[in-house]
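So this block is entry-v3.tsv, TSV, C-alpha atoms:
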```
chain	number	residue	atom	x	y	z
A	1	MET	CA	24.55	-0.03	-5.94
A	2	HIS	CA	25.13	-1.00	-2.31
A	3	ILE	CA	23.55	-4.20	-0.99
A	4	LEU	CA	23.66	-5.54	2.56
A	5	LEU	CA	23.53	-9.35	2.68
A	6	VAL	CA	22.60	-10.76	6.09
A	7	ASP	CA	23.21	-14.50	6.29
A	8	ASP	CA	25.27	-16.62	8.67
A	9	HIS	CA	26.42	-19.12	6.03
A	10	THR	CA	29.69	-17.94	4.51
A	11	LEU	CA	29.50	-20.36	1.59
A	12	PHE	CA	26.02	-19.14	0.65
A	13	ARG	CA	27.12	-15.49	0.83
A	14	GLU	CA	30.08	-16.24	-1.43
A	15	ALA	CA	27.85	-18.00	-3.96
A	16	LEU	CA	25.30	-15.19	-3.90
A	17	LEU	CA	27.97	-12.58	-4.64
A	18	HIS	CA	28.25	-13.94	-8.18
A	19	VAL	CA	24.51	-13.53	-8.67
A	20	LEU	CA	24.31	-10.04	-7.18
A	21	ASN	CA	27.17	-8.81	-9.34
A	22	GLN	CA	24.88	-9.32	-12.33
A	23	LEU	CA	22.43	-6.70	-11.05
A	24	ASP	CA	24.66	-3.74	-11.80
A	25	ASP	CA	28.12	-2.92	-13.12
A	26	GLN	CA	29.12	-1.40	-9.79
A	27	VAL	CA	27.57	-3.59	-7.11
A	28	VAL	CA	29.07	-3.30	-3.63
A	29	VAL	CA	27.98	-6.09	-1.28
A	30	LEU	CA	28.33	-5.68	2.47
A	31	GLU	CA	28.15	-8.92	4.46
A	32	ALA	CA	26.71	-9.50	7.93
A	33	ALA	CA	26.45	-12.84	9.72
A	34	ASN	CA	23.86	-11.78	12.31
A	35	VAL	CA	21.40	-9.06	13.27
A	36	LEU	CA	23.92	-7.15	15.40
A	37	GLU	CA	26.34	-6.81	12.49
A	38	ALA	CA	23.46	-5.88	10.18
A	39	THR	CA	22.30	-3.18	12.59
A	40	GLN	CA	25.78	-1.68	12.74
A	41	PHE	CA	26.08	-1.63	8.95
A	42	ILE	CA	22.67	0.01	8.52
A	43	ALA	CA	23.32	2.56	11.26
A	44	HIS	CA	26.57	3.69	9.64
A	45	SER	CA	25.72	3.32	5.95
A	46	ARG	CA	23.93	6.19	4.25
A	47	ASN	CA	23.89	4.78	0.73
A	48	LEU	CA	22.28	1.35	1.02
A	49	ASP	CA	20.02	0.41	-1.88
A	50	LEU	CA	18.86	-3.01	-0.72
A	51	VAL	CA	18.94	-5.37	2.28
A	52	LEU	CA	18.71	-9.15	1.83
A	53	LEU	CA	17.78	-10.73	5.15
A	54	ASP	CA	17.83	-14.40	6.10
A	55	ILE	CA	15.30	-15.67	8.65
A	56	ASP	CA	17.34	-18.35	10.37
A	57	LEU	CA	20.08	-16.32	12.05
A	58	PRO	CA	21.99	-16.97	15.27
A	59	GLY	CA	20.68	-15.03	18.25
A	60	VAL	CA	17.84	-12.84	17.01
A	61	ASP	CA	16.05	-14.32	13.99
A	62	GLY	CA	15.41	-12.26	10.88
A	63	LEU	CA	11.64	-11.96	11.26
A	64	THR	CA	11.96	-10.72	14.84
A	65	ALA	CA	14.61	-8.22	13.78
A	66	LEU	CA	12.75	-6.97	10.72
A	67	PRO	CA	10.71	-4.17	12.37
A	68	GLY	CA	13.82	-2.74	14.03
A	69	LEU	CA	15.83	-2.83	10.81
A	70	ARG	CA	12.87	-1.30	8.98
A	71	GLU	CA	12.87	1.56	11.50
A	72	LEU	CA	16.60	2.11	11.06
A	73	ALA	CA	16.30	2.23	7.27
A	74	PRO	CA	12.72	3.26	6.43
A	75	THR	CA	13.47	4.03	2.78
A	76	VAL	CA	15.64	0.98	2.02
A	77	PRO	CA	13.81	-2.07	0.62
A	78	ILE	CA	14.30	-5.13	2.84
A	79	VAL	CA	13.85	-8.51	1.20
A	80	VAL	CA	13.63	-11.77	3.10
A	81	LEU	CA	15.83	-14.44	1.53
A	82	SER	CA	15.10	-17.73	3.25
A	83	GLY	CA	15.12	-21.49	3.04
A	84	SER	CA	11.64	-21.50	4.57
A	85	GLU	CA	8.64	-21.71	2.26
A	86	ASN	CA	6.13	-21.70	5.09
A	87	ALA	CA	3.09	-19.53	4.33
A	88	LEU	CA	3.06	-18.14	7.87
A	89	ASP	CA	6.68	-16.98	7.52
A	90	VAL	CA	5.87	-15.26	4.23
A	91	LYS	CA	2.81	-13.51	5.70
A	92	ARG	CA	4.73	-12.42	8.79
A	93	ALA	CA	7.59	-11.06	6.67
A	94	LEU	CA	5.19	-8.96	4.59
A	95	GLU	CA	3.33	-7.75	7.67
A	96	GLN	CA	6.62	-6.76	9.32
A	97	GLY	CA	7.59	-4.55	6.37
A	98	SER	CA	9.47	-6.76	3.92
A	99	VAL	CA	8.89	-5.80	0.29
A	100	GLY	CA	9.68	-9.26	-0.98
A	101	TYR	CA	10.20	-12.89	-0.10
A	102	ILE	CA	12.66	-14.98	-2.11
A	103	PRO	CA	13.10	-18.69	-1.27
A	104	LYS	CA	16.62	-20.05	-1.45
A	105	SER	CA	15.31	-22.85	-3.66
A	106	CYS	CA	14.94	-20.43	-6.58
A	107	THR	CA	17.37	-20.29	-9.49
A	108	SER	CA	19.80	-17.41	-10.02
A	109	HIS	CA	17.66	-16.21	-12.94
A	110	GLU	CA	14.53	-16.21	-10.77
A	111	MET	CA	16.36	-14.31	-8.04
A	112	LEU	CA	17.62	-11.65	-10.44
A	113	THR	CA	14.13	-11.25	-11.90
A	114	ALA	CA	12.67	-10.86	-8.40
A	115	LEU	CA	15.29	-8.33	-7.31
A	116	ASN	CA	14.82	-6.23	-10.44
A	117	ILE	CA	11.07	-6.15	-9.78
A	118	ILE	CA	11.69	-5.04	-6.19
A	119	LEU	CA	14.26	-2.41	-7.19
A	120	GLN	CA	11.62	-0.93	-9.52
A	121	GLY	CA	9.43	-0.33	-6.49
A	122	ASP	CA	7.13	-3.35	-6.57
A	123	ILE	CA	6.51	-6.13	-4.07
A	124	PHE	CA	7.56	-9.66	-5.02
A	125	VAL	CA	6.42	-13.03	-3.72
A	126	PRO	CA	6.74	-16.16	-5.91
A	127	PRO	CA	3.39	-17.37	-7.28
A	128	LYS	CA	3.71	-20.75	-5.54
A	129	LEU	CA	4.05	-18.99	-2.17
A	130	LEU	CA	1.14	-16.66	-2.93
A	131	ILE	CA	-0.98	-19.77	-3.50
A	132	LYS	CA	0.11	-21.11	-0.12
A	133	ILE	CA	-0.79	-17.80	1.53
A	134	GLU	CA	-4.19	-17.75	-0.15
A	135	LYS	CA	-4.90	-21.30	1.02
A	136	GLU	CA	-3.84	-20.36	4.54
A	137	THR	CA	-6.03	-17.26	4.36
A	138	LEU	CA	-8.96	-19.39	3.26
A	139	LEU	CA	-8.41	-21.81	6.14
A	140	VAL	CA	-8.31	-18.94	8.62
A	141	GLN	CA	-11.38	-17.40	7.03
A	142	GLU	CA	-13.25	-20.70	7.22
A	143	GLN	CA	-12.35	-21.01	10.88
A	144	ASP	CA	-13.45	-17.44	11.52
A	145	GLU	CA	-16.74	-18.13	9.76
A	146	LYS	CA	-17.32	-21.13	12.03
A	147	ASN	CA	-16.65	-19.01	15.09
A	148	ALA	CA	-18.64	-16.04	13.82
A	149	PRO	CA	-21.14	-17.30	11.21
A	150	GLN	CA	-22.87	-13.92	11.03
A	151	SER	CA	-19.97	-12.45	9.06
A	152	PRO	CA	-18.14	-13.92	6.03
A	153	LEU	CA	-15.08	-11.77	6.75
A	154	THR	CA	-12.37	-11.72	9.39
A	155	ALA	CA	-11.94	-8.75	11.71
A	156	ARG	CA	-8.90	-7.56	9.75
A	157	GLN	CA	-10.77	-7.86	6.46
A	158	ILE	CA	-13.56	-5.72	7.93
A	159	ASP	CA	-10.92	-3.10	8.80
A	160	VAL	CA	-9.72	-3.15	5.19
A	161	LEU	CA	-13.29	-3.09	3.88
A	162	VAL	CA	-14.21	0.00	5.92
A	163	LEU	CA	-11.26	1.87	4.40
A	164	MET	CA	-12.17	0.56	0.93
A	165	ALA	CA	-15.64	2.04	1.46
A	166	GLN	CA	-13.96	5.38	2.16
A	167	GLY	CA	-12.34	5.19	-1.27
A	168	LEU	CA	-8.78	4.64	-0.04
A	169	PRO	CA	-6.36	2.84	-2.40
A	170	ASN	CA	-4.34	-0.18	-1.21
A	171	LYS	CA	-1.27	1.93	-0.47
A	172	SER	CA	-3.20	4.24	1.87
A	173	ILE	CA	-4.97	1.31	3.52
A	174	ALA	CA	-1.61	-0.35	4.15
A	175	LYS	CA	-0.26	2.82	5.75
A	176	THR	CA	-3.37	3.33	7.89
A	177	LEU	CA	-3.42	-0.26	9.19
A	178	ASN	CA	0.38	-0.59	9.37
A	179	LEU	CA	0.38	-3.49	6.91
A	180	ALA	CA	2.44	-4.31	3.85
A	181	GLU	CA	0.74	-3.36	0.59
A	182	GLY	CA	1.00	-6.98	-0.56
A	183	THR	CA	-0.94	-8.10	2.51
A	184	VAL	CA	-3.67	-5.56	1.78
A	185	LYS	CA	-3.95	-6.89	-1.78
A	186	LEU	CA	-4.46	-10.39	-0.39
A	187	HIS	CA	-7.18	-9.12	1.97
A	188	VAL	CA	-8.95	-7.24	-0.85
A	189	ALA	CA	-8.93	-10.38	-3.02
A	190	ALA	CA	-10.32	-12.44	-0.12
A	191	ILE	CA	-13.03	-9.82	0.54
A	192	MET	CA	-14.17	-9.78	-3.09
A	193	ARG	CA	-14.20	-13.57	-3.21
A	194	ALA	CA	-16.15	-13.87	0.05
A	195	LEU	CA	-18.75	-11.34	-1.08
A	196	GLY	CA	-18.94	-12.64	-4.65
A	197	ALA	CA	-18.01	-9.17	-5.84
A	198	ARG	CA	-16.89	-8.25	-9.36
A	199	ASN	CA	-14.88	-5.23	-8.26
A	200	ARG	CA	-14.18	-2.99	-5.26
A	201	THR	CA	-17.35	-0.93	-5.69
A	202	HIS	CA	-19.47	-4.06	-5.87
A	203	ALA	CA	-17.75	-5.38	-2.75
A	204	VAL	CA	-18.58	-2.21	-0.81
A	205	THR	CA	-22.19	-2.34	-2.06
A	206	GLU	CA	-22.60	-5.96	-0.94
A	207	ALA	CA	-20.93	-5.24	2.39
A	208	THR	CA	-23.32	-2.34	2.99
A	209	ARG	CA	-26.31	-4.53	2.14
A	210	LEU	CA	-25.11	-7.17	4.61
A	211	GLY	CA	-24.52	-4.55	7.29
A	212	LEU	CA	-20.78	-5.15	7.40
A	213	VAL	CA	-20.09	-1.43	6.93
A	214	PRO	CA	-22.32	1.55	7.76
A	215	ALA	CA	-24.55	2.70	4.91
A	216	SER	CA	-23.24	6.23	5.31
A	217	THR	CA	-19.58	5.19	4.90
```
Let me see the file written as structure tokens.
Amino acid sequence: MHILLVDDHTLFREALLHVLNQLDDQVVVLEAANVLEATQFIAHSRNLDLVLLDIDLPGVDGLTALPGLRELAPTVPIVVLSGSENALDVKRALEQGSVGYIPKSCTSHEMLTALNIILQGDIFVPPKLLIKIEKETLLVQEQDEKNAPQSPLTARQIDVLVLMAQGLPNKSIAKTLNLAEGTVKLHVAAIMRALGARNRTHAVTEATRLGLVPAST
């Protein structure tokens, strides 16, 4: 297993090596201290299995660099590993194509659990950060409702709802709207909550009744 670790703190990289070596018997960790070095590694490595990307990097920060790295390695899971636990950073990371967000405050056991989940093809965000995102989403939704009281949903949630009405699953919605699947899941949960819906079908029915989506959709 080949892992690219992008972090400008040498001491942290050295400490993390001991954790990453527990993932597999043959872990090879490549180290980059900035986005330029990371780009060079990705461009010349054909066997990367995982990229761990810090946000706070010298020069170009990790979140800004994420779309470009994602384009260079479209099939390699990129996980943000950061000291920030800001909900906006988490949301931006997911929207930019990260498949996970691991705070540096987590234990080695929590990190290994998260990485194993991600390597199995799932998206991982710690529950405490998901709660922060949901609260932030609610605040944004409340503000949107004040600005546009005729609709209980944000413009992006309407976009997701229209595709839900077409029968698309979360994965297809994410691809259509260029969003991370985890972000779509958050939007679907917010839509169902806002409409008081029991399930996706009920949400579409209520949305049609309220005129949020065309009846023929």
Spatial neighbours of segment 158-168 of chain A, max dist 12 Å, only C-alpha atoms, sep filter under 2 positions, as a short mmCIF file (atom, residue, chain, number, x, y, z; two decimals) with C-alpha atoms, keeping the file's coordinate frame:
```
data_model
loop_
_atom_site.label_atom_id
_atom_site.label_comp_id
_atom_site.auth_asym_id
_atom_site.auth_seq_id
_atom_site.Cartn_x
_atom_site.Cartn_y
_atom_site.Cartn_z
CA GLN A 141 -11.38 -17.40 7.03
CA SER A 151 -19.97 -12.45 9.06
CA PRO A 152 -18.14 -13.92 6.03
CA LEU A 153 -15.08 -11.77 6.75
CA THR A 154 -12.37 -11.72 9.39
CA ALA A 155 -11.94 -8.75 11.71
CA ARG A 156 -8.90 -7.56 9.75
CA ASN A 170 -4.34 -0.18 -1.21
CA LYS A 171 -1.27 1.93 -0.47
CA SER A 172 -3.20 4.24 1.87
CA ILE A 173 -4.97 1.31 3.52
CA ALA A 174 -1.61 -0.35 4.15
CA LYS A 175 -0.26 2.82 5.75
CA THR A 176 -3.37 3.33 7.89
CA LEU A 177 -3.42 -0.26 9.19
CA ASN A 178 0.38 -0.59 9.37
CA LEU A 179 0.38 -3.49 6.91
CA GLU A 181 0.74 -3.36 0.59
CA THR A 183 -0.94 -8.10 2.51
CA VAL A 184 -3.67 -5.56 1.78
CA LYS A 185 -3.95 -6.89 -1.78
CA LEU A 186 -4.46 -10.39 -0.39
CA HIS A 187 -7.18 -9.12 1.97
CA VAL A 188 -8.95 -7.24 -0.85
CA ALA A 189 -8.93 -10.38 -3.02
CA ALA A 190 -10.32 -12.44 -0.12
CA ILE A 191 -13.03 -9.82 0.54
CA MET A 192 -14.17 -9.78 -3.09
CA ALA A 194 -16.15 -13.87 0.05
CA LEU A 195 -18.75 -11.34 -1.08
CA ASN A 199 -14.88 -5.23 -8.26
CA ARG A 200 -14.18 -2.99 -5.26
CA THR A 201 -17.35 -0.93 -5.69
CA HIS A 202 -19.47 -4.06 -5.87
CA ALA A 203 -17.75 -5.38 -2.75
CA VAL A 204 -18.58 -2.21 -0.81
CA THR A 205 -22.19 -2.34 -2.06
CA GLU A 206 -22.60 -5.96 -0.94
CA ALA A 207 -20.93 -5.24 2.39
CA THR A 208 -23.32 -2.34 2.99
CA GLY A 211 -24.52 -4.55 7.29
CA LEU A 212 -20.78 -5.15 7.40
CA VAL A 213 -20.09 -1.43 6.93
CA PRO A 214 -22.32 1.55 7.76
CA ALA A 215 -24.55 2.70 4.91
CA SER A 216 -23.24 6.23 5.31
CA THR A 217 -19.58 5.19 4.90
#
```
- From the list A:Ala197, A:Leu17, A:Leu50, A:Ile42, the nearest residue to Asn116 of chain A using all atoms listed in the file is A:Leu50
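By chain and then residue number, the residues within 9 Å of Leu72 of chain A are Thr39, Ile42, Ala43, Pro67, Gly68, Leu69, Arg70 and Pro74 of chain A, counting only C-alpha atoms and disregarding those fewer than 2 positions away in sequence.
Between atom CA of Ala38 of chain A and atom CA of Pro77 of chain A lies a distance of 14.1 Å.
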- Query: At what distance in Å, to one decimal, does atom CA of Val79 of chain A lie from atom CA of Asp24 of chain A?
  - Reply: 17.6 Å
